[in-house]
Structures are given as C-alpha cells and as structure tokens.
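What follows is the content of run30.json, which has JSON, C-alpha atoms:
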```json
[["chain", "number", "residue", "atom", "x", "y", "z"],
["V", 1, "MET", "CA", 5.97, 12.14, 6.50],
["V", 2, "HIS", "CA", 8.59, 10.63, 8.75],
["V", 3, "LYS", "CA", 8.91, 13.81, 10.83],
["V", 4, "GLN", "CA", 5.16, 13.76, 11.46],
["V", 5, "GLY", "CA", 5.17, 10.11, 12.54],
["V", 6, "VAL", "CA", 3.18, 9.09, 9.48],
["V", 7, "THR", "CA", 4.04, 5.94, 7.55],
["V", 8, "GLN", "CA", 1.45, 6.04, 4.74],
["V", 9, "ASP", "CA", 0.08, 8.64, 2.38],
["V", 10, "LYS", "CA", -2.03, 8.73, -0.76],
["V", 11, "PHE", "CA", -2.14, 11.12, -3.70],
["V", 12, "GLN", "CA", -3.22, 11.27, -7.34],
["V", 13, "PHE", "CA", -1.55, 12.42, -10.53],
["V", 14, "GLN", "CA", -2.42, 12.39, -14.22],
["V", 15, "TYR", "CA", -0.36, 11.27, -17.18],
["V", 16, "ASN", "CA", -1.74, 11.66, -20.70],
["V", 17, "LYS", "CA", -5.26, 12.27, -19.27],
["V", 18, "VAL", "CA", -5.17, 9.01, -17.26],
["V", 19, "CYS", "CA", -5.49, 9.33, -13.49],
["V", 20, "PHE", "CA", -3.33, 7.33, -11.09],
["V", 21, "ASP", "CA", -3.83, 6.72, -7.37],
["V", 22, "VAL", "CA", -0.57, 6.23, -5.50],
["V", 23, "ILE", "CA", -0.15, 4.99, -1.94],
["V", 24, "ILE", "CA", 3.28, 5.49, -0.38],
["V", 25, "LEU", "CA", 4.25, 3.04, 2.38],
["V", 26, "ILE", "CA", 7.39, 4.00, 4.29],
["V", 27, "ASP", "CA", 6.87, 1.52, 7.12],
["V", 28, "ARG", "CA", 8.68, -1.27, 5.28],
["V", 29, "GLU", "CA", 12.07, -1.86, 3.75],
["V", 30, "PRO", "CA", 12.32, -1.05, 0.90],
["V", 31, "PHE", "CA", 9.56, 1.55, 0.79],
["V", 32, "GLU", "CA", 6.64, 0.63, -1.46],
["V", 33, "LEU", "CA", 4.72, 2.72, -3.96],
["V", 34, "LEU", "CA", 1.37, 1.21, -4.90],
["V", 35, "PHE", "CA", 0.02, 2.52, -8.22],
["V", 36, "GLY", "CA", -3.59, 2.08, -9.27],
["V", 37, "VAL", "CA", -4.82, 3.21, -12.67],
["V", 38, "ILE", "CA", -8.27, 4.67, -12.09],
["V", 39, "GLY", "CA", -10.90, 3.22, -14.41],
["V", 40, "TYR", "CA", -8.67, 0.43, -15.76],
["V", 41, "ASN", "CA", -8.63, -2.20, -12.99],
["V", 42, "TYR", "CA", -4.84, -2.25, -13.18],
["V", 43, "CYS", "CA", -2.28, -1.78, -10.43],
["V", 44, "PHE", "CA", 1.41, -2.34, -9.84],
["V", 45, "THR", "CA", 3.99, -1.89, -7.09],
["V", 46, "LEU", "CA", 7.39, -0.23, -7.26],
["V", 47, "HIS", "CA", 10.02, -0.27, -4.54],
["V", 48, "LEU", "CA", 11.91, 2.77, -3.35],
["V", 49, "TYR", "CA", 15.37, 1.88, -2.04],
["V", 50, "LYS", "CA", 17.78, 3.74, 0.24],
["V", 51, "GLY", "CA", 18.97, 6.98, -1.30],
["V", 52, "TYR", "CA", 15.50, 7.36, -2.86],
["V", 53, "GLU", "CA", 16.42, 5.10, -5.76],
["V", 54, "LEU", "CA", 13.19, 4.05, -7.48],
["V", 55, "GLU", "CA", 12.92, 0.60, -9.01],
["V", 56, "ASP", "CA", 12.68, 0.47, -12.81],
["V", 57, "LEU", "CA", 9.41, -0.48, -14.46],
["V", 58, "ALA", "CA", 9.31, -4.13, -15.45],
["V", 59, "ASP", "CA", 8.67, -4.70, -19.17],
["V", 60, "GLU", "CA", 5.19, -6.12, -18.50],
["V", 61, "ILE", "CA", 4.20, -3.02, -16.52],
["V", 62, "PHE", "CA", 5.70, -0.71, -19.14],
["V", 63, "TYR", "CA", 3.81, -2.32, -22.03],
["V", 64, "ASN", "CA", 0.56, -2.35, -20.05],
["V", 65, "LEU", "CA", 1.05, 1.37, -19.40],
["V", 66, "CYS", "CA", 1.67, 1.93, -23.12],
["V", 67, "ASN", "CA", -1.73, 0.37, -23.86],
["V", 68, "ILE", "CA", -3.55, 2.19, -21.06],
["V", 69, "LEU", "CA", -1.99, 5.56, -21.90],
["V", 70, "ASN", "CA", -2.46, 4.95, -25.63],
["V", 71, "LEU", "CA", 1.21, 5.71, -26.29],
["V", 72, "LYS", "CA", 3.73, 3.97, -28.49],
["V", 73, "PRO", "CA", 6.97, 2.83, -26.84],
["V", 74, "GLY", "CA", 10.07, 4.59, -28.13],
["V", 75, "ARG", "CA", 12.53, 7.35, -27.42],
["V", 76, "GLU", "CA", 10.50, 10.03, -29.17],
["V", 77, "THR", "CA", 7.16, 8.95, -27.72],
["V", 78, "PHE", "CA", 7.10, 7.06, -24.40],
["V", 79, "THR", "CA", 9.74, 5.44, -22.22],
["V", 80, "SER", "CA", 9.69, 4.10, -18.70],
["V", 81, "TYR", "CA", 12.32, 6.70, -17.83],
["V", 82, "LYS", "CA", 10.02, 9.53, -19.01],
["V", 83, "PHE", "CA", 7.14, 8.11, -16.98],
["V", 84, "LEU", "CA", 9.21, 7.76, -13.79],
["V", 85, "GLN", "CA", 10.77, 11.19, -14.26],
["V", 86, "TYR", "CA", 7.31, 12.72, -14.67],
["V", 87, "PHE", "CA", 6.01, 10.81, -11.63],
["V", 88, "GLU", "CA", 8.94, 12.04, -9.49],
["V", 89, "LYS", "CA", 7.86, 15.63, -10.15],
["V", 90, "LYS", "CA", 4.31, 14.84, -9.02],
["V", 91, "ILE", "CA", 5.21, 13.45, -5.58],
["V", 92, "PRO", "CA", 3.85, 15.89, -2.99],
["V", 93, "GLN", "CA", 6.44, 17.60, -0.83],
["V", 94, "LYS", "CA", 4.19, 17.51, 2.24],
["V", 95, "TYR", "CA", 1.98, 14.91, 3.91],
["V", 96, "SER", "CA", -1.62, 15.23, 2.74],
["V", 97, "GLY", "CA", -3.10, 14.65, 6.20],
["V", 98, "ARG", "CA", -5.26, 11.87, 4.77],
["V", 99, "LYS", "CA", -5.35, 8.57, 6.67],
["V", 100, "VAL", "CA", -4.92, 5.49, 4.46],
["V", 101, "GLU", "CA", -7.20, 2.63, 5.54],
["V", 102, "PRO", "CA", -6.05, -1.02, 5.32],
["V", 103, "ASP", "CA", -8.66, -1.91, 2.66],
["V", 104, "GLU", "CA", -7.16, 0.76, 0.39],
["V", 105, "VAL", "CA", -3.79, -1.00, 0.64],
["V", 106, "ALA", "CA", -5.44, -4.42, 0.27],
["V", 107, "ILE", "CA", -6.77, -3.54, -3.17],
["V", 108, "TYR", "CA", -3.16, -3.50, -4.43],
["V", 109, "LYS", "CA", -2.04, -6.58, -2.52],
["V", 110, "LYS", "CA", -4.95, -8.99, -2.97],
["V", 111, "ARG", "CA", -2.91, -11.62, -4.76],
["V", 112, "LYS", "CA", -0.32, -11.61, -1.97],
["V", 113, "ILE", "CA", -2.57, -12.15, 1.04],
["V", 114, "ILE", "CA", -4.53, -15.07, 2.45],
["V", 115, "GLU", "CA", -8.31, -14.80, 2.36],
["V", 116, "GLU", "CA", -7.99, -12.09, -0.27],
["V", 117, "ASP", "CA", -11.72, -11.36, -0.13],
["V", 118, "LYS", "CA", -11.41, -10.34, 3.54],
["V", 119, "ILE", "CA", -9.93, -6.86, 3.20],
["V", 120, "TYR", "CA", -12.02, -4.84, 5.67],
["V", 121, "PHE", "CA", -10.41, -4.32, 9.07],
["V", 122, "ILE", "CA", -12.78, -5.18, 11.93],
["V", 123, "GLY", "CA", -10.47, -5.21, 14.94],
["V", 124, "TRP", "CA", -7.99, -7.17, 17.03],
["V", 125, "LYS", "CA", -8.12, -10.44, 18.94],
["V", 126, "LEU", "CA", -5.87, -10.91, 21.98],
["V", 127, "HIS", "CA", -5.07, -14.60, 22.46],
["V", 128, "ASN", "CA", -3.68, -14.49, 26.01],
["V", 129, "THR", "CA", -6.88, -15.94, 27.49],
["V", 130, "ASP", "CA", -8.14, -18.32, 24.80],
["V", 131, "GLY", "CA", -4.96, -20.43, 24.55],
["V", 132, "ARG", "CA", -4.64, -19.83, 20.80],
["V", 133, "THR", "CA", -1.71, -18.34, 18.98],
["V", 134, "VAL", "CA", -1.60, -15.33, 16.72],
["V", 135, "ARG", "CA", -2.92, -15.76, 13.17],
["V", 136, "ASN", "CA", -2.91, -13.60, 10.06],
["V", 137, "LEU", "CA", 0.66, -12.46, 10.67],
["V", 138, "GLU", "CA", 1.63, -12.25, 7.01],
["V", 139, "LYS", "CA", -1.61, -10.45, 6.16],
["V", 140, "THR", "CA", -0.89, -8.08, 9.04],
["V", 141, "ARG", "CA", 2.60, -7.43, 7.66],
["V", 142, "GLN", "CA", 1.38, -6.84, 4.09],
["V", 143, "LEU", "CA", -1.53, -4.55, 4.97],
["V", 144, "LEU", "CA", -0.44, -2.86, 8.19],
["V", 145, "GLY", "CA", 3.36, -2.80, 8.04],
["V", 146, "GLU", "CA", 6.39, -4.27, 9.73],
["V", 147, "GLU", "CA", 6.06, -2.50, 13.08],
["V", 148, "THR", "CA", 2.45, -3.67, 13.54],
["V", 149, "TYR", "CA", 3.43, -7.18, 12.48],
["V", 150, "GLU", "CA", 6.24, -7.31, 15.07],
["V", 151, "PHE", "CA", 3.98, -5.92, 17.82],
["V", 152, "CYS", "CA", 1.23, -8.46, 17.08],
["V", 153, "LYS", "CA", 3.72, -11.32, 16.98],
["V", 154, "ALA", "CA", 5.28, -10.31, 20.30],
["V", 155, "ASN", "CA", 1.93, -9.78, 22.04],
["V", 156, "ASN", "CA", -0.08, -12.70, 20.56],
["V", 157, "ILE", "CA", -2.61, -10.42, 18.83],
["V", 158, "SER", "CA", -4.37, -11.34, 15.57],
["V", 159, "SER", "CA", -5.78, -8.84, 13.12],
["V", 160, "CYS", "CA", -9.42, -9.55, 12.20],
["V", 161, "TRP", "CA", -10.91, -9.02, 8.75],
["V", 162, "SER", "CA", -14.24, -9.27, 6.94],
["V", 163, "SER", "CA", -15.30, -9.55, 3.31],
["V", 164, "ASN", "CA", -18.31, -7.31, 4.02],
["V", 165, "SER", "CA", -17.64, -3.57, 3.77],
["V", 166, "LYS", "CA", -20.51, -2.93, 6.23],
["V", 167, "ASP", "CA", -18.46, -4.63, 8.98],
["V", 168, "LYS", "CA", -15.51, -2.27, 8.47],
["V", 169, "LYS", "CA", -14.16, -0.36, 11.47],
["V", 170, "LEU", "CA", -11.78, 2.57, 11.25],
["V", 171, "TYR", "CA", -8.27, 1.27, 11.78],
["V", 172, "PHE", "CA", -6.72, 1.73, 15.21],
["V", 173, "SER", "CA", -3.35, 0.46, 16.36],
["V", 174, "PRO", "CA", -2.85, -2.77, 18.29],
["V", 175, "HIS", "CA", -0.90, -0.69, 20.84],
["V", 176, "LYS", "CA", -4.10, 1.15, 21.74],
["V", 177, "TYR", "CA", -6.06, -2.11, 21.77],
["V", 178, "LEU", "CA", -3.60, -3.80, 24.14],
["V", 179, "LYS", "CA", -3.53, -0.76, 26.44],
["V", 180, "TYR", "CA", -7.31, -0.94, 26.96],
["V", 181, "ASN", "CA", -7.70, -4.74, 26.95],
["V", 182, "SER", "CA", -4.98, -6.10, 29.19]]
```

For the file at hand, write its structure as structure tokens.
Amino acid sequence: MHKQGVTQDKFQFQYNKVCFDVIILIDREPFELLFGVIGYNYCFTLHLYKGYELEDLADEIFYNLCNILNLKPGRETFTSYKFLQYFEKKIPQKYSGRKVEPDEVAIYKKRKIIEEDKIYFIGWKLHNTDGRTVRNLEKTRQLLGEETYEFCKANNISSCWSSNSKDKKLYFSPHKYLKYNS
C-alpha cells in the first residue's frame, strides 16, 4: 500500500461462517484496523504498532466475538490468539485498488466524532475570505487521517459533512481543492 501511495484499504474475511469487513488505515500512528461484523451491528478497532505488532483483543471484544461466532472460550475451542493468528493469514498481500470513502470509516468511529450523524463528505470550505477559522478538525483527523488534518489546519480549510446520503460527494483531497480555489 505504502509503495503505491495508498493509505487505506478494505477487505473481507470469514471466521466460523461469519463475515468481517476490515478497513486498514496506515495514515495514522499507530496504524488502525477497523473490524465490522457483517449482519451483527458490531465493530471494534485494533491498533497495529511498529514492527507490525498487533494489539491484543480486549476481554470485552473477545467475549462479544465468542457470542457472535457461537464459540466457547478456551484453549481447545476459541482464543483471541487463534482469532488474531487466523486474521493475520487473511490480510491481502496486495492493495485491492478499492477506494475507501470517509463514510465507510465513519461507521466505525461514530462514537468518537462530533455530529456523529453527519458522516457523508460533501466538500471543503476555505475560510481565507469569510474571516472564520477552521472547524471540524478532530472529525477531519478521525475520518480522513493525520496528513489531511495537518493540511486543513495549516490552510484554514474545514471539511463539510451531511447526514443525508443523497448529498454525498466522492472524496477528493483538500490539496486539490486549494489548488483550484485559491
């Protein structure tokens, strides 16, 4: 991913006939892996540290997975180590070529962002002429990454969001926006 200049990717894998969506975000430190359990309205985040050291599953996550996967916890049946070891083998070796949209990331981060109902990206607002200062910086960081956050902060650009999926625009970088609007 890094060699191709890509900072996000998405893939699926199955464990015990349960399908997981995983979004990998390498544009933050530590890297984040966002897991969604399809059909169960359950998601969790794991961090990937330098040296590709994956964070352990918290007990709450582990026991929720036991229930979802219909497995009993124990050495002979199901352990967090077995799950993470299995997951490691399912990580694709190559970038999928699929662009991850901000609302896909927002689904996993709703409880961490302001105006959590507004997850659909609708554009950028440059504040150089209206006398206002940049807003939504933390939301920008959570949904669009550290580099975008820093660029918006330095250039007084706010990310704009809607709660209506019909308003959604395909994501484009604030670099491109600034180039054509300054």

Exercise. May I ask which of the residues V:Asn164, V:Tyr86, V:Ser173, V:Val37 is the closest one to Asn67 in chain V, counting all atoms listed in the file?
Key: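 Closest to Asn67 in chain V, using all atoms listed in the file: V:Val37.
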
Practice problem: Identify which of the residues V:Val100, V:Ala106, V:Leu69, V:Val134 lies closest to Phe172 in chain V, counting all atoms listed in the file when measuring atom-to-atom distances. | Solution: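 Looking only at the distances to Phe172 in chain V, the closest residue turns out to be V:Val100.
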
Quiz item: In Å, how far is it from CA of Lys139 in chain V to CA of Cys160 in chain V?
Solution: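 One can read the CA of Lys139 in chain V to CA of Cys160 in chain V distance as 9.9 Å.
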
Quiz item: Which of these residues is nearest to Glu115 in chain V, using only C-alpha atoms: V:Asp9, V:Glu101, V:Glu138, V:Asp130?
Solution: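 Smallest separation from Glu115 in chain V among the options: V:Glu138.
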
Self-check item: Interatomic distance, CA of Tyr120 in chain V to CA of Phe151 in chain V (Å, one decimal)
Solution: 20.1 Å

Quiz item: From the set V:Glu88, V:Glu76, V:Asp103, V:Asp21, which residue has the shortest atom-to-atom contact distance to Asp167 in chain V, counting all atoms listed in the file?
Solution: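 Smallest distance to Asp167 in chain V is found for V:Asp103.
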
Self-check item: Pick from V:Lys112, V:Arg28, V:Lys72, V:Lys89 nearest to Gln14 in chain V, counting only C-alpha atoms
Solution: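 Once distances to Gln14 in chain V are computed over only C-alpha atoms, the minimum belongs to V:Lys89.
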
Quiz item: Rounded to one decimal in Å, what is the spacing between CA of Tyr177 in chain V and CA of Asp27 in chain V?
Solution: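 Separating CA of Tyr177 in chain V from CA of Asp27 in chain V is a distance of 19.9 Å.
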
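Closest to Glu116 in chain V among V:Thr79, V:Thr148, V:Ser163, V:Ser158 is V:Ser163, based on all atoms listed in the file.
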
Size and centre in Å, one decimal, axis-aligned box, all listed range 119-134 of chain V atoms plus 5 Å per side, as JSON:
```
{"center_x": -7.2, "center_y": -12.4, "center_z": 15.3, "size_x": 21.2, "size_y": 26.1, "size_z": 34.3}
```

For Gly36 in chain V, find every residue with an atom within 8 Å (counting only C-alpha atoms), except residues of its own chain fewer than 2 positions away, and show them as a PDB file with C-alpha atoms, keeping the file's coordinate frame.
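Full text of around-v7.pdb as output:
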```
ATOM      1  CA  PHE V  20      -3.330   7.330 -11.090  1.00  0.00           C
ATOM      2  CA  ASP V  21      -3.830   6.720  -7.370  1.00  0.00           C
ATOM      3  CA  VAL V  22      -0.570   6.230  -5.500  1.00  0.00           C
ATOM      4  CA  LEU V  34       1.370   1.210  -4.900  1.00  0.00           C
ATOM      5  CA  ILE V  38      -8.270   4.670 -12.090  1.00  0.00           C
ATOM      6  CA  ASN V  41      -8.630  -2.200 -12.990  1.00  0.00           C
ATOM      7  CA  TYR V  42      -4.840  -2.250 -13.180  1.00  0.00           C
ATOM      8  CA  CYS V  43      -2.280  -1.780 -10.430  1.00  0.00           C
ATOM      9  CA  PHE V  44       1.410  -2.340  -9.840  1.00  0.00           C
ATOM     10  CA  TYR V 108      -3.160  -3.500  -4.430  1.00  0.00           C
TER      11      TYR V 108
END
```

Quiz item: Can you tell me, as number ranges by chain, which residues sit within 12 Å of (-6.8, -11.4, 10.9) in the file's frame, using all atoms listed in the file?
Solution: V: 102, 113-116, 118-126, 133-144, 149, 152, 156-163

Because the input lacks atoms here, generate all heavy atoms for range 167-178 of chain V and report them as a PDB file, in the coordinates of the input.
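Resulting contents of rebuild.pdb:
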```
ATOM      1  N   ASP V 167     -19.076  -4.253   7.698  1.00  0.00           N
ATOM      2  CA  ASP V 167     -18.460  -4.630   8.980  1.00  0.00           C
ATOM      3  C   ASP V 167     -17.244  -3.769   9.308  1.00  0.00           C
ATOM      4  O   ASP V 167     -16.749  -3.794  10.433  1.00  0.00           O
ATOM      5  CB  ASP V 167     -18.002  -6.094   8.947  1.00  0.00           C
ATOM      6  CG  ASP V 167     -19.152  -7.070   8.795  1.00  0.00           C
ATOM      7  OD1 ASP V 167     -20.289  -6.710   9.143  1.00  0.00           O
ATOM      8  OD2 ASP V 167     -18.896  -8.197   8.316  1.00  0.00           O
ATOM      9  N   LYS V 168     -16.764  -3.023   8.346  1.00  0.00           N
ATOM     10  CA  LYS V 168     -15.510  -2.270   8.470  1.00  0.00           C
ATOM     11  C   LYS V 168     -15.512  -1.308   9.647  1.00  0.00           C
ATOM     12  O   LYS V 168     -16.479  -0.589   9.879  1.00  0.00           O
ATOM     13  CB  LYS V 168     -15.271  -1.491   7.172  1.00  0.00           C
ATOM     14  CG  LYS V 168     -14.078  -0.578   7.206  1.00  0.00           C
ATOM     15  CD  LYS V 168     -13.967   0.198   5.903  1.00  0.00           C
ATOM     16  CE  LYS V 168     -12.907   1.271   6.008  1.00  0.00           C
ATOM     17  NZ  LYS V 168     -12.758   2.005   4.746  1.00  0.00           N
ATOM     18  N   LYS V 169     -14.408  -1.317  10.384  1.00  0.00           N
ATOM     19  CA  LYS V 169     -14.160  -0.360  11.470  1.00  0.00           C
ATOM     20  C   LYS V 169     -12.977   0.508  11.047  1.00  0.00           C
ATOM     21  O   LYS V 169     -12.095   0.056  10.306  1.00  0.00           O
ATOM     22  CB  LYS V 169     -13.775  -1.091  12.762  1.00  0.00           C
ATOM     23  CG  LYS V 169     -14.752  -2.162  13.200  1.00  0.00           C
ATOM     24  CD  LYS V 169     -15.792  -1.595  14.125  1.00  0.00           C
ATOM     25  CE  LYS V 169     -16.659  -2.618  14.794  1.00  0.00           C
ATOM     26  NZ  LYS V 169     -17.456  -3.482  13.982  1.00  0.00           N
ATOM     27  N   LEU V 170     -12.947   1.734  11.509  1.00  0.00           N
ATOM     28  CA  LEU V 170     -11.780   2.570  11.250  1.00  0.00           C
ATOM     29  C   LEU V 170     -10.582   1.923  11.935  1.00  0.00           C
ATOM     30  O   LEU V 170     -10.682   1.449  13.072  1.00  0.00           O
ATOM     31  CB  LEU V 170     -11.981   3.986  11.765  1.00  0.00           C
ATOM     32  CG  LEU V 170     -12.962   4.842  10.970  1.00  0.00           C
ATOM     33  CD1 LEU V 170     -13.101   6.212  11.619  1.00  0.00           C
ATOM     34  CD2 LEU V 170     -12.535   4.987   9.523  1.00  0.00           C
ATOM     35  N   TYR V 171      -9.468   1.914  11.247  1.00  0.00           N
ATOM     36  CA  TYR V 171      -8.270   1.270  11.780  1.00  0.00           C
ATOM     37  C   TYR V 171      -7.779   1.989  13.030  1.00  0.00           C
ATOM     38  O   TYR V 171      -7.775   3.218  13.100  1.00  0.00           O
ATOM     39  CB  TYR V 171      -7.156   1.269  10.725  1.00  0.00           C
ATOM     40  CG  TYR V 171      -5.862   0.732  11.268  1.00  0.00           C
ATOM     41  CD1 TYR V 171      -5.693  -0.627  11.465  1.00  0.00           C
ATOM     42  CD2 TYR V 171      -4.824   1.593  11.616  1.00  0.00           C
ATOM     43  CE1 TYR V 171      -4.517  -1.128  11.997  1.00  0.00           C
ATOM     44  CE2 TYR V 171      -3.649   1.095  12.145  1.00  0.00           C
ATOM     45  CZ  TYR V 171      -3.498  -0.262  12.334  1.00  0.00           C
ATOM     46  OH  TYR V 171      -2.330  -0.762  12.870  1.00  0.00           O
ATOM     47  N   PHE V 172      -7.384   1.212  14.025  1.00  0.00           N
ATOM     48  CA  PHE V 172      -6.720   1.730  15.210  1.00  0.00           C
ATOM     49  C   PHE V 172      -5.589   0.761  15.538  1.00  0.00           C
ATOM     50  O   PHE V 172      -5.654  -0.418  15.216  1.00  0.00           O
ATOM     51  CB  PHE V 172      -7.688   1.891  16.397  1.00  0.00           C
ATOM     52  CG  PHE V 172      -8.389   0.615  16.802  1.00  0.00           C
ATOM     53  CD1 PHE V 172      -7.886  -0.184  17.820  1.00  0.00           C
ATOM     54  CD2 PHE V 172      -9.551   0.216  16.160  1.00  0.00           C
ATOM     55  CE1 PHE V 172      -8.526  -1.358  18.193  1.00  0.00           C
ATOM     56  CE2 PHE V 172     -10.201  -0.952  16.522  1.00  0.00           C
ATOM     57  CZ  PHE V 172      -9.687  -1.751  17.547  1.00  0.00           C
ATOM     58  N   SER V 173      -4.563   1.257  16.174  1.00  0.00           N
ATOM     59  CA  SER V 173      -3.350   0.460  16.360  1.00  0.00           C
ATOM     60  C   SER V 173      -3.538  -0.630  17.410  1.00  0.00           C
ATOM     61  O   SER V 173      -4.326  -0.479  18.352  1.00  0.00           O
ATOM     62  CB  SER V 173      -2.178   1.356  16.762  1.00  0.00           C
ATOM     63  OG  SER V 173      -2.265   1.667  18.125  1.00  0.00           O
ATOM     64  N   PRO V 174      -2.785  -1.726  17.271  1.00  0.00           N
ATOM     65  CA  PRO V 174      -2.850  -2.770  18.290  1.00  0.00           C
ATOM     66  C   PRO V 174      -2.276  -2.300  19.629  1.00  0.00           C
ATOM     67  O   PRO V 174      -2.622  -2.836  20.672  1.00  0.00           O
ATOM     68  CB  PRO V 174      -2.030  -3.914  17.691  1.00  0.00           C
ATOM     69  CG  PRO V 174      -1.105  -3.249  16.745  1.00  0.00           C
ATOM     70  CD  PRO V 174      -1.859  -2.072  16.211  1.00  0.00           C
ATOM     71  N   HIS V 175      -1.425  -1.262  19.602  1.00  0.00           N
ATOM     72  CA  HIS V 175      -0.900  -0.690  20.840  1.00  0.00           C
ATOM     73  C   HIS V 175      -2.049  -0.161  21.703  1.00  0.00           C
ATOM     74  O   HIS V 175      -2.124  -0.418  22.904  1.00  0.00           O
ATOM     75  CB  HIS V 175       0.066   0.465  20.538  1.00  0.00           C
ATOM     76  CG  HIS V 175       1.267   0.072  19.749  1.00  0.00           C
ATOM     77  ND1 HIS V 175       1.222  -0.084  18.384  1.00  0.00           N
ATOM     78  CD2 HIS V 175       2.533  -0.203  20.128  1.00  0.00           C
ATOM     79  CE1 HIS V 175       2.427  -0.424  17.944  1.00  0.00           C
ATOM     80  NE2 HIS V 175       3.234  -0.513  18.978  1.00  0.00           N
ATOM     81  N   LYS V 176      -2.948   0.583  21.048  1.00  0.00           N
ATOM     82  CA  LYS V 176      -4.100   1.150  21.740  1.00  0.00           C
ATOM     83  C   LYS V 176      -5.026   0.026  22.233  1.00  0.00           C
ATOM     84  O   LYS V 176      -5.522   0.069  23.356  1.00  0.00           O
ATOM     85  CB  LYS V 176      -4.866   2.083  20.788  1.00  0.00           C
ATOM     86  CG  LYS V 176      -6.008   2.824  21.465  1.00  0.00           C
ATOM     87  CD  LYS V 176      -6.786   3.674  20.468  1.00  0.00           C
ATOM     88  CE  LYS V 176      -6.002   4.918  20.133  1.00  0.00           C
ATOM     89  NZ  LYS V 176      -6.776   5.847  19.288  1.00  0.00           N
ATOM     90  N   TYR V 177      -5.217  -0.982  21.406  1.00  0.00           N
ATOM     91  CA  TYR V 177      -6.060  -2.110  21.770  1.00  0.00           C
ATOM     92  C   TYR V 177      -5.513  -2.813  23.022  1.00  0.00           C
ATOM     93  O   TYR V 177      -6.250  -3.092  23.967  1.00  0.00           O
ATOM     94  CB  TYR V 177      -6.166  -3.097  20.611  1.00  0.00           C
ATOM     95  CG  TYR V 177      -6.911  -4.362  20.949  1.00  0.00           C
ATOM     96  CD1 TYR V 177      -8.302  -4.368  20.995  1.00  0.00           C
ATOM     97  CD2 TYR V 177      -6.240  -5.526  21.228  1.00  0.00           C
ATOM     98  CE1 TYR V 177      -9.008  -5.516  21.303  1.00  0.00           C
ATOM     99  CE2 TYR V 177      -6.935  -6.684  21.549  1.00  0.00           C
ATOM    100  CZ  TYR V 177      -8.307  -6.669  21.583  1.00  0.00           C
ATOM    101  OH  TYR V 177      -8.992  -7.817  21.910  1.00  0.00           O
ATOM    102  N   LEU V 178      -4.223  -3.091  23.015  1.00  0.00           N
ATOM    103  CA  LEU V 178      -3.600  -3.800  24.140  1.00  0.00           C
ATOM    104  C   LEU V 178      -3.681  -2.959  25.413  1.00  0.00           C
ATOM    105  O   LEU V 178      -3.949  -3.474  26.491  1.00  0.00           O
ATOM    106  CB  LEU V 178      -2.145  -4.145  23.812  1.00  0.00           C
ATOM    107  CG  LEU V 178      -1.439  -5.050  24.829  1.00  0.00           C
ATOM    108  CD1 LEU V 178      -2.158  -6.385  24.936  1.00  0.00           C
ATOM    109  CD2 LEU V 178       0.004  -5.269  24.408  1.00  0.00           C
TER     110      LEU V 178
END
```
